[in-house]
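> Pasting a structure here, questions to come.
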Amino acid sequence: MGLFVSGRTDEAQAVYETLRQLPADGDRDVRNVGAFAQILDLIVAFRDTETARAYYDLLVPHSAEAGAAGTGLVVVFGSPDWPLGRLAGLLGRTEQALEHFARAAAVNARLGARPLVVLTRLDWADTLKARATGADLAQARVLARDAAVEARRLDMPGPADRAGRLARELEQAIAAANPLTRREREIAELVSDGLTNRAIADRLVLSERTVEGHVRSTLAKLQLTNRTELAAWTLRDTSS
């Protein structure tokens with residue numbers, strides 16, 4: 001991985017080719033998990049789905065064996081569900097990936113493997129961001145923010161920077177998915193609570209005409225026709 005990070009991609013590829021054959025050669029020894037840990041990042045970087053599939057099949061029977069596996073020189077700590085999640089994501093198995101990440105975060109937290117919790121949350125958030133359905137973006141934002149706080153606490157500058165960038169990207173994605181301004185969202189929530197324009201104006205110390213203008217603008221942006229539809233939209237948006 002050092003060769004790859006330093007930009008020596010061809011050399012990294014050459015070394016990688018000698019290691020990626022382990023499961024394909026029929027060697028199913030769990031000790032290969034130790035070697036696998038050293039090339040996981042390259043499997044993902046090179047988008048090597050063939051090797052990802054082979055290692056997924058090798059590792060999945062040991063998914064409950066959290067702790068340590070490998071040799072005296074190469075050891076893998078933590079829940080195997082984290083690398084399994086990364087492999088599942090590469091293979092396009094999004095639901096499996098999310099299940100693996102959820103289990104890995106829980107197990108690694110119980111083990112006290114806090115750096116692994118940070119890394120798991122980041123990959124979990126990335127996967128949710130890519131799927132982006134329902135409440136995915138909001139959940140991913142929470143994961144990214146938690147990862148950023150913990151990474152800074154553990155003095156992990158690389159993951160902290162990654163988490164910060166991811167959190168900002170998610171903020172932008174969430175804002176783009178909701179076209180309303182902060183004031184419009186605030187008024188929409190009060191409409192969903194059943195307040196009249198006059199009551200909203202009194203609550204927010206605005207003129208009734210200003211509130212009417214915000215309601216009209218909100219209905220137009222959301223292509224709705226009345227306050228009942230706006231209230232229903234607000235409830236759906238809040239629940240997601």
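Residue names in the structure tokens use chain letters A, B, ... in the order shown, residue numbers from 1 in each chain, and ligand numbers from 1 in the order shown.
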Which parts of range 75-236 of chain A does DSSP call strand (DSSP E or B) when run on the backbone here, written out as a list in words?
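Restricting range 75-236 of chain A to strand (DSSP E or B) produces Val75, Val76, Phe77 and Gly78 of chain A.
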> Go ahead and save the picked residues with C-alpha atoms, as a PDB file, in the first residue's frame.

ATOM      1  CA  VAL A  75      -2.400  -9.815  12.910  1.00  0.00           C
ATOM      2  CA  VAL A  76      -5.890  -8.493  12.239  1.00  0.00           C
ATOM      3  CA  PHE A  77      -7.719  -6.948  15.164  1.00  0.00           C
ATOM      4  CA  GLY A  78     -11.378  -6.184  15.545  1.00  0.00           C
TER       5      GLY A  78
END
> Applying 9 Å and only C-alpha atoms, which residues near Ala231 in chain A remain after dropping the ones on its own chain fewer than 3 positions away? List them as a list in words.
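My list of contacting residues is Ala188, Glu189, Leu190, Val191, Ser192, Asp193, Gly194, Asn226, Arg227, Thr228, Thr234, Leu235 and Arg236 of chain A.
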> Need the shell around Tyr55 in chain A: protein/DNA/RNA residues with any atom at most 8 Å away, counting only C-alpha atoms. Skip same-chain ones fewer than 3 positions apart. Format as a list of chain:residue names?
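Listing them by chain and then by number gives A:Pro23, A:Phe36, A:Thr51, A:Ala52, A:Leu58, A:Leu59.
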> Any chance you can output those residues with N, CA and C atoms as a CSV table (one decimal), in the first residue's frame?

chain,number,residue,atom,x,y,z
A,23,PRO,N,-6.2,-16.8,-2.2
A,23,PRO,CA,-7.4,-17.6,-2.2
A,23,PRO,C,-7.7,-18.3,-3.4
A,36,PHE,N,-4.5,-10.9,3.9
A,36,PHE,CA,-5.6,-10.1,3.2
A,36,PHE,C,-5.7,-8.7,3.8
A,51,THR,N,-10.9,-10.8,-6.8
A,51,THR,CA,-10.3,-11.1,-5.5
A,51,THR,C,-11.2,-10.7,-4.4
A,52,ALA,N,-12.0,-9.7,-4.5
A,52,ALA,CA,-12.9,-9.3,-3.5
A,52,ALA,C,-13.9,-10.4,-3.2
A,58,LEU,N,-13.8,-16.3,1.8
A,58,LEU,CA,-12.8,-16.8,2.7
A,58,LEU,C,-13.1,-16.3,4.1
A,59,LEU,N,-13.5,-15.1,4.2
A,59,LEU,CA,-13.6,-14.4,5.5
A,59,LEU,C,-15.0,-14.5,6.2
> Got a sec: who's within 12 Å of Ala113 in chain A, counting only C-alpha atoms, leaving out chain neighbours fewer than 2 positions off, as JSON, numbers by chain?
{"A": [66, 67, 68, 76, 77, 78, 79, 104, 105, 106, 107, 108, 109, 110, 111, 115, 116, 117, 118, 119, 120, 150, 154]}
> Please report the interatomic distance between CA of His100 in chain A and CA of Pro61 in chain A in Å with one decimal.
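Rounded to one decimal, the two atoms are 13.0 Å apart.
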> Identify all residues of range 76-219 of chain A in alpha helix (DSSP H) (DSSP on the backbone) and supply them as number ranges by chain.
A: 81-90, 94-111, 114-131, 136-153, 157-177, 182-192, 197-204, 208-219
> Just the residues within 10 Å of Thr49 in chain A, please, counting only C-alpha atoms, with nothing from its chain fewer than 6 positions along; format it as a ChimeraX atom specification.
/A:43,55,87-88,90-92
> Quick check, in Å to one decimal: how far apart do CA of Asp48 in chain A and CA of Leu137 in chain A lie?
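A separation of 27.4 Å between them.
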> Ranking A:Leu230, A:Gly85, A:Ala173, A:Ala102 by minimum distance to Thr133 in chain A and counting only C-alpha atoms, which one comes first?
A:Ala173
> Residues at most 12 Å from Arg168 in chain A, counting only C-alpha atoms, excluding those fewer than 2 positions away in the same chain, as a PyMOL selection string?
chain A and resi 129+137+140-142+144-145+148+161-166+170-175
